[in-house]
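These notes are about the structure you will find just below.
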Amino acid sequence: MSSLIAAIDQGTTSTRCMLFSESSVVSTAQKEHRQVFPRAGWVEHDAIEIWRRTEEVFAER
């Protein structure tokens with residue numbers, strides 16, 4: 001039985017999960033999240049939305 005590794009990539013516009021075997025990418029999942037611009041030059045994210053996206057992409061992978 002081979003081992004698998006899951007990696008979470010939290011970016012500015014989305015959350016992604018990639019599942020790797022020793023030699024290849026087994027699967028990927030990605031979900032976008034909202035960006036909030038409260039004033040010029042600022043960007044904010046909803047931490048709960050990011051957490052939910054992380055749970056969703058992990059479940060999909």
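For the structure tokens, the naming scheme is as follows: chains receive sequential letters (A, B, ...) according to their order of presentation, residues are indexed from 1 within each chain, and ligands are indexed from 1 in presentation order.
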For this session: Based on DSSP run over this structure's backbone, return all residues of chain A in strand (DSSP E or B), as a list in words.
Result: Ile5, Ala6, Ala7, Ile8, Asp9, Gln10, Ser14, Thr15, Arg16, Cys17, Met18, Leu19, Phe20, Val25, Val26, Ser27, Thr28, Ala29, Gln30, Lys31, Glu32, Val36 and Glu44 of chain A
For this session: With a distance cut-off of 9 Å and only C-alpha atoms, select the neighbouring residues of Thr28 (chain A), excluding the residue or stretch itself and same-chain residues fewer than 6 positions from it, and output the selection as a VMD selection string.
Result: chain A and resid 16 to 19 57 60 to 61
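Residue nearest Ile5 (chain A) within the list A:Trp51, A:Phe37, A:Trp42, A:Phe20: A:Phe20 [criterion: smallest interatomic distance, only C-alpha atoms].
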Seminar exercise, completed: Among A:Ser27, A:Glu32, A:Phe58, A:Ala47, Thr15 (chain A) is approached most closely, using only C-alpha atoms, by A:Glu32
